[in-house]
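J.: Contents of my_file_29.pdb (PDB, C-alpha atoms and all ligand atoms):
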ATOM      1  CA  MET V  16     -21.767  19.812  20.954  1.00  0.00           C
ATOM      2  CA  CYS V  17     -22.019  17.165  18.279  1.00  0.00           C
ATOM      3  CA  PHE V  18     -19.219  18.838  16.380  1.00  0.00           C
ATOM      4  CA  TYR V  19     -16.861  18.553  19.327  1.00  0.00           C
ATOM      5  CA  LEU V  20     -17.795  14.960  19.883  1.00  0.00           C
ATOM      6  CA  PHE V  21     -17.008  14.218  16.234  1.00  0.00           C
ATOM      7  CA  LEU V  22     -13.571  15.815  16.533  1.00  0.00           C
ATOM      8  CA  PHE V  23     -12.916  13.799  19.647  1.00  0.00           C
ATOM      9  CA  ILE V  24     -13.685  10.552  17.824  1.00  0.00           C
ATOM     10  CA  LEU V  25     -11.421  11.507  14.913  1.00  0.00           C
ATOM     11  CA  LYS V  26      -8.532  12.333  17.228  1.00  0.00           C
ATOM     12  CA  THR V  27      -8.800   9.197  19.312  1.00  0.00           C
ATOM     13  CA  ASP V  28      -6.916   6.247  17.913  1.00  0.00           C
ATOM     14  CA  ALA V  29      -8.534   2.846  18.104  1.00  0.00           C
ATOM     15  CA  PRO V  30      -6.829   0.741  20.762  1.00  0.00           C
ATOM     16  CA  LEU V  31      -4.408  -1.960  19.710  1.00  0.00           C
ATOM     17  CA  VAL V  32      -5.803  -5.418  20.317  1.00  0.00           C
ATOM     18  CA  GLN V  33      -3.642  -8.530  20.326  1.00  0.00           C
ATOM     19  CA  SER V  34      -5.049 -11.908  19.387  1.00  0.00           C
ATOM     20  CA  ILE V  35      -3.881 -15.351  18.386  1.00  0.00           C
ATOM     21  CA  VAL V  36      -5.597 -17.156  15.528  1.00  0.00           C
ATOM     22  CA  THR V  37      -5.208 -20.620  14.064  1.00  0.00           C
ATOM     23  CA  VAL V  38      -5.431 -20.281  10.301  1.00  0.00           C
ATOM     24  CA  GLU V  39      -6.603 -23.224   8.218  1.00  0.00           C
ATOM     25  CA  ALA V  40      -6.662 -21.665   4.766  1.00  0.00           C
ATOM     26  CA  ILE V  41      -5.350 -18.531   3.093  1.00  0.00           C
ATOM     27  CA  CYS V  42      -6.727 -16.914  -0.021  1.00  0.00           C
ATOM     28  CA  VAL V  43      -4.902 -13.936  -1.535  1.00  0.00           C
ATOM     29  CA  SER V  44      -6.531 -11.394  -3.810  1.00  0.00           C
ATOM     30  CA  ASP V  45      -5.497  -7.827  -4.595  1.00  0.00           C
ATOM     31  CA  GLY V  46      -2.795  -7.773  -1.938  1.00  0.00           C
ATOM     32  CA  VAL V  47      -5.206  -8.890   0.792  1.00  0.00           C
ATOM     33  CA  ALA V  48      -4.774 -12.252   2.483  1.00  0.00           C
ATOM     34  CA  GLU V  49      -8.127 -13.627   3.556  1.00  0.00           C
ATOM     35  CA  CYS V  50      -7.463 -16.094   6.359  1.00  0.00           C
ATOM     36  CA  LEU V  51     -10.005 -18.726   7.316  1.00  0.00           C
ATOM     37  CA  CYS V  52      -9.615 -19.453  11.018  1.00  0.00           C
ATOM     38  CA  GLU V  53     -10.296 -22.671  12.849  1.00  0.00           C
ATOM     39  CA  THR V  54     -13.268 -20.910  14.470  1.00  0.00           C
ATOM     40  CA  GLY V  55     -14.865 -20.261  11.060  1.00  0.00           C
ATOM     41  CA  GLU V  56     -14.030 -16.569  11.356  1.00  0.00           C
ATOM     42  CA  ILE V  57     -12.383 -14.805   8.405  1.00  0.00           C
ATOM     43  CA  VAL V  58      -9.614 -12.335   9.140  1.00  0.00           C
ATOM     44  CA  ASN V  59      -8.236 -10.126   6.398  1.00  0.00           C
ATOM     45  CA  MET V  60      -4.716  -8.765   6.494  1.00  0.00           C
ATOM     46  CA  SER V  61      -2.128  -7.333   4.154  1.00  0.00           C
ATOM     47  CA  ALA V  62      -0.603 -10.173   2.119  1.00  0.00           C
ATOM     48  CA  GLU V  63       2.753  -8.392   2.447  1.00  0.00           C
ATOM     49  CA  LEU V  64       2.580  -8.398   6.270  1.00  0.00           C
ATOM     50  CA  LEU V  65       1.738 -12.094   6.274  1.00  0.00           C
ATOM     51  CA  GLN V  66       4.533 -12.913   3.836  1.00  0.00           C
ATOM     52  CA  GLN V  67       7.041 -11.013   6.011  1.00  0.00           C
ATOM     53  CA  ALA V  68       5.851 -12.923   9.084  1.00  0.00           C
ATOM     54  CA  LEU V  69       6.343 -16.245   7.276  1.00  0.00           C
ATOM     55  CA  GLU V  70       9.793 -15.229   6.043  1.00  0.00           C
ATOM     56  CA  GLU V  71      10.869 -14.206   9.540  1.00  0.00           C
ATOM     57  CA  ASP V  72       9.906 -17.718  10.592  1.00  0.00           C
ATOM     58  CA  GLY V  73      12.118 -19.149   7.827  1.00  0.00           C
ATOM     59  CA  LEU V  74       9.270 -20.042   5.516  1.00  0.00           C
ATOM     60  CA  VAL V  75      10.204 -18.548   2.191  1.00  0.00           C
ATOM     61  CA  MET V  76       7.456 -19.304  -0.267  1.00  0.00           C
ATOM     62  CA  PRO V  77       6.422 -17.593  -3.457  1.00  0.00           C
ATOM     63  CA  ASP V  78       2.783 -18.395  -2.780  1.00  0.00           C
ATOM     64  CA  ILE V  79       1.634 -17.673   0.782  1.00  0.00           C
ATOM     65  CA  GLU V  80      -1.598 -19.564   0.105  1.00  0.00           C
ATOM     66  CA  MET V  81       0.608 -22.677   0.438  1.00  0.00           C
ATOM     67  CA  ALA V  82       1.549 -21.817   4.056  1.00  0.00           C
ATOM     68  CA  THR V  83      -1.297 -23.981   5.371  1.00  0.00           C
ATOM     69  CA  ALA V  84      -0.699 -26.852   2.916  1.00  0.00           C
ATOM     70  CA  THR V  85       0.858 -29.027   5.614  1.00  0.00           C
ATOM     71  CA  GLY V  86      -1.540 -28.001   8.384  1.00  0.00           C
ATOM     72  CA  PRO V  87      -2.957 -25.004  10.220  1.00  0.00           C
ATOM     73  CA  ILE V  88      -0.603 -22.227  11.316  1.00  0.00           C
ATOM     74  CA  ASP V  89      -0.833 -20.035  14.422  1.00  0.00           C
ATOM     75  CA  LEU V  90      -0.519 -16.294  13.985  1.00  0.00           C
ATOM     76  CA  GLN V  91      -0.280 -13.594  16.607  1.00  0.00           C
ATOM     77  CA  LEU V  92      -2.076 -10.521  15.326  1.00  0.00           C
ATOM     78  CA  VAL V  93      -2.181  -6.951  16.527  1.00  0.00           C
ATOM     79  CA  SER V  94      -5.242  -5.113  15.232  1.00  0.00           C
ATOM     80  CA  LYS V  95      -6.260  -1.502  15.323  1.00  0.00           C
ATOM     81  CA  GLY V  96      -9.965  -1.338  14.751  1.00  0.00           C
ATOM     82  CA  SER V  97     -10.608  -3.757  11.891  1.00  0.00           C
ATOM     83  CA  GLU V  98      -7.107  -3.356  10.455  1.00  0.00           C
ATOM     84  CA  VAL V  99      -4.365  -5.871  11.229  1.00  0.00           C
ATOM     85  CA  VAL V 100      -1.191  -3.859  11.827  1.00  0.00           C
ATOM     86  CA  SER V 101       1.232  -6.585  12.896  1.00  0.00           C
ATOM     87  CA  VAL V 102       1.577 -10.300  12.187  1.00  0.00           C
ATOM     88  CA  ILE V 103       3.907 -12.805  13.873  1.00  0.00           C
ATOM     89  CA  LYS V 104       4.041 -16.488  12.962  1.00  0.00           C
ATOM     90  CA  LEU V 105       4.098 -18.538  16.167  1.00  0.00           C
TER      91      LEU V 105
HETATM   92  C1  LIG X 201     -12.194  -9.928   3.506  1.00  0.00           C
HETATM   93  O1  LIG X 201     -11.893  -9.542   2.186  1.00  0.00           O
HETATM   94  C2  LIG X 201     -12.801 -10.066   1.231  1.00  0.00           C
HETATM   95  C3  LIG X 201     -12.271  -9.724  -0.156  1.00  0.00           C
HETATM   96  O2  LIG X 201     -11.583  -8.527  -0.177  1.00  0.00           O
HETATM   97  C4  LIG X 201     -14.175  -9.481   1.506  1.00  0.00           C
HETATM   98  O3  LIG X 201     -15.107  -9.991   0.574  1.00  0.00           O
HETATM   99  C5  LIG X 201     -14.614  -9.876   2.907  1.00  0.00           C
HETATM  100  O4  LIG X 201     -15.844  -9.279   3.215  1.00  0.00           O
HETATM  101  C6  LIG X 201     -13.574  -9.456   3.925  1.00  0.00           C
HETATM  102  N1  LIG X 201     -13.939 -10.032   5.213  1.00  0.00           N
HETATM  103  C7  LIG X 201     -13.812  -9.377   6.354  1.00  0.00           C
HETATM  104  C8  LIG X 201     -14.199 -10.119   7.595  1.00  0.00           C
HETATM  105  O5  LIG X 201     -13.400  -8.227   6.413  1.00  0.00           O
END
Mind turning this structure into structure tokens?

T.:
Amino acid sequence: MCFYLFLFILKTDAPLVQSIVTVEAICVSDGVAECLCETGEIVNMSAELLQQALEEDGLVMPDIEMATATGPIDLQLVSKGSEVVSVIKL
């Protein structure tokens, strides 16, 4: 019984959850962008995903940590479990 339950959990994908966060500071290390939100929450995401989102918004910057230099930025995130799978700069 437990075995079947385990298989079921493995086969079931985590639902996609959309959220909007206001990011006040970004710290990049090892390809992970740690984003400090207005709420005090920290959200980690792929630095590459975040850079792409900024570029699509016309913000080409070598250092994405500078994205919040002139003020907080709003990001629309899609997460699957604890992993951020999509980032859009609002
Ligand atoms: C975010 O990443 C940092 C460094 O990789 C880690 O120390 C921290 O626990 C992570 N925070 C969350 C909320 O996952």

J.: Compute the set of protein, DNA and RNA residues whose minimum atom distance to ligand LIG 201 (chain X) is at most 8 Å, using only C-alpha atoms and all ligand atoms, and state it as a PyMOL selection string.

T.: chain V and resi 44-45+47-49+56-59+97

J.: Written as a PDB file with C-alpha atoms, in the coordinates of the input, what is the full residue list that the PyMOL selection byres (((chain V and resi 92) around 9) and not hetatm) yields on the file shown?

T.:
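What landed in out.pdb:
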ATOM      1  CA  VAL V  32      -5.803  -5.418  20.317  1.00  0.00           C
ATOM      2  CA  GLN V  33      -3.642  -8.530  20.326  1.00  0.00           C
ATOM      3  CA  SER V  34      -5.049 -11.908  19.387  1.00  0.00           C
ATOM      4  CA  ILE V  35      -3.881 -15.351  18.386  1.00  0.00           C
ATOM      5  CA  VAL V  36      -5.597 -17.156  15.528  1.00  0.00           C
ATOM      6  CA  LEU V  90      -0.519 -16.294  13.985  1.00  0.00           C
ATOM      7  CA  GLN V  91      -0.280 -13.594  16.607  1.00  0.00           C
ATOM      8  CA  VAL V  93      -2.181  -6.951  16.527  1.00  0.00           C
ATOM      9  CA  SER V  94      -5.242  -5.113  15.232  1.00  0.00           C
ATOM     10  CA  VAL V  99      -4.365  -5.871  11.229  1.00  0.00           C
ATOM     11  CA  VAL V 100      -1.191  -3.859  11.827  1.00  0.00           C
ATOM     12  CA  SER V 101       1.232  -6.585  12.896  1.00  0.00           C
ATOM     13  CA  VAL V 102       1.577 -10.300  12.187  1.00  0.00           C
ATOM     14  CA  ILE V 103       3.907 -12.805  13.873  1.00  0.00           C
ATOM     15  CA  LYS V 104       4.041 -16.488  12.962  1.00  0.00           C
TER      16      LYS V 104
END

J.: Using all atoms listed in the file, which protein or nucleic acid residues come within 9 Å of V:Gln66? Drop anything in the same chain fewer than 6 positions from it, and give the result as a PyMOL selection string.

T.: chain V and resi 74-79

J.: Could the residues in this selection be written to a file with C-alpha atoms, as an mmCIF file, keeping the file's coordinate frame?

T.:
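selection.cif, written as the output of this step:
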data_model
loop_
_atom_site.group_PDB
_atom_site.id
_atom_site.type_symbol
_atom_site.label_atom_id
_atom_site.label_comp_id
_atom_site.auth_asym_id
_atom_site.auth_seq_id
_atom_site.Cartn_x
_atom_site.Cartn_y
_atom_site.Cartn_z
ATOM 1 C CA LEU V 74 9.270 -20.042 5.516
ATOM 2 C CA VAL V 75 10.204 -18.548 2.191
ATOM 3 C CA MET V 76 7.456 -19.304 -0.267
ATOM 4 C CA PRO V 77 6.422 -17.593 -3.457
ATOM 5 C CA ASP V 78 2.783 -18.395 -2.780
ATOM 6 C CA ILE V 79 1.634 -17.673 0.782
#

J.: Can you measure atom CA of V:Leu69 to atom CA of V:Ala84 for me? One decimal in Å is fine.

T.: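 Atom CA of V:Ala84 lies 13.5 Å from atom CA of V:Leu69.
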
J.: Please write as number ranges by chain the full residue list that the PyMOL selection byres (((chain V and resi 53) around 8) and not hetatm) yields on this file.

T.: V: 36-39, 51-52, 54-56

J.: Name the closest residue to V:Ala40 among the candidates V:Asp28, V:Glu63, V:Glu71, V:Glu80; distances are taken between atoms, counting all atoms listed in the file.

T.: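 Of V:Asp28, V:Glu63, V:Glu71, V:Glu80, the one nearest V:Ala40, counting all atoms listed in the file, is V:Glu80.
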
J.: Set up a box along x, y and z of the file covering all listed atoms of stretch 52-66 of chain V, add 8 Å on every one of the six sides, and write the centre and edge lengths in Å to one decimal, as lines of an AutoDock Vina configuration file.

T.:
center_x = -5.2
center_y = -15.0
center_z = 8.3
size_x = 35.4
size_y = 31.3
size_z = 28.4

J.: Can I get C-alpha atoms for stretch 36-65 of chain V, as a PDB file, in the first residue's frame?

T.:
ATOM      1  CA  VAL V  36       6.677  39.737  -5.824  1.00  0.00           C
ATOM      2  CA  THR V  37       8.234  43.138  -5.269  1.00  0.00           C
ATOM      3  CA  VAL V  38      11.982  42.641  -5.090  1.00  0.00           C
ATOM      4  CA  GLU V  39      14.111  45.113  -3.158  1.00  0.00           C
ATOM      5  CA  ALA V  40      17.522  43.493  -3.461  1.00  0.00           C
ATOM      6  CA  ILE V  41      19.145  40.764  -5.525  1.00  0.00           C
ATOM      7  CA  CYS V  42      22.188  38.752  -4.577  1.00  0.00           C
ATOM      8  CA  VAL V  43      23.667  36.313  -7.098  1.00  0.00           C
ATOM      9  CA  SER V  44      25.844  33.367  -6.161  1.00  0.00           C
ATOM     10  CA  ASP V  45      26.563  30.174  -8.083  1.00  0.00           C
ATOM     11  CA  GLY V  46      23.963  30.908 -10.742  1.00  0.00           C
ATOM     12  CA  VAL V  47      21.211  31.434  -8.161  1.00  0.00           C
ATOM     13  CA  ALA V  48      19.613  34.839  -7.720  1.00  0.00           C
ATOM     14  CA  GLU V  49      18.503  35.319  -4.139  1.00  0.00           C
ATOM     15  CA  CYS V  50      15.776  37.955  -4.172  1.00  0.00           C
ATOM     16  CA  LEU V  51      14.829  39.856  -1.042  1.00  0.00           C
ATOM     17  CA  CYS V  52      11.156  40.768  -1.281  1.00  0.00           C
ATOM     18  CA  GLU V  53       9.390  43.748   0.195  1.00  0.00           C
ATOM     19  CA  THR V  54       7.663  41.318   2.578  1.00  0.00           C
ATOM     20  CA  GLY V  55      11.022  40.174   3.996  1.00  0.00           C
ATOM     21  CA  GLU V  56      10.653  36.840   2.218  1.00  0.00           C
ATOM     22  CA  ILE V  57      13.594  35.483   0.208  1.00  0.00           C
ATOM     23  CA  VAL V  58      12.858  33.847  -3.122  1.00  0.00           C
ATOM     24  CA  ASN V  59      15.573  31.997  -4.993  1.00  0.00           C
ATOM     25  CA  MET V  60      15.520  31.608  -8.747  1.00  0.00           C
ATOM     26  CA  SER V  61      17.878  30.837 -11.587  1.00  0.00           C
ATOM     27  CA  ALA V  62      20.014  33.916 -12.285  1.00  0.00           C
ATOM     28  CA  GLU V  63      19.715  33.086 -15.995  1.00  0.00           C
ATOM     29  CA  LEU V  64      15.890  33.159 -15.880  1.00  0.00           C
ATOM     30  CA  LEU V  65      15.959  36.504 -14.098  1.00  0.00           C
TER      31      LEU V  65
END
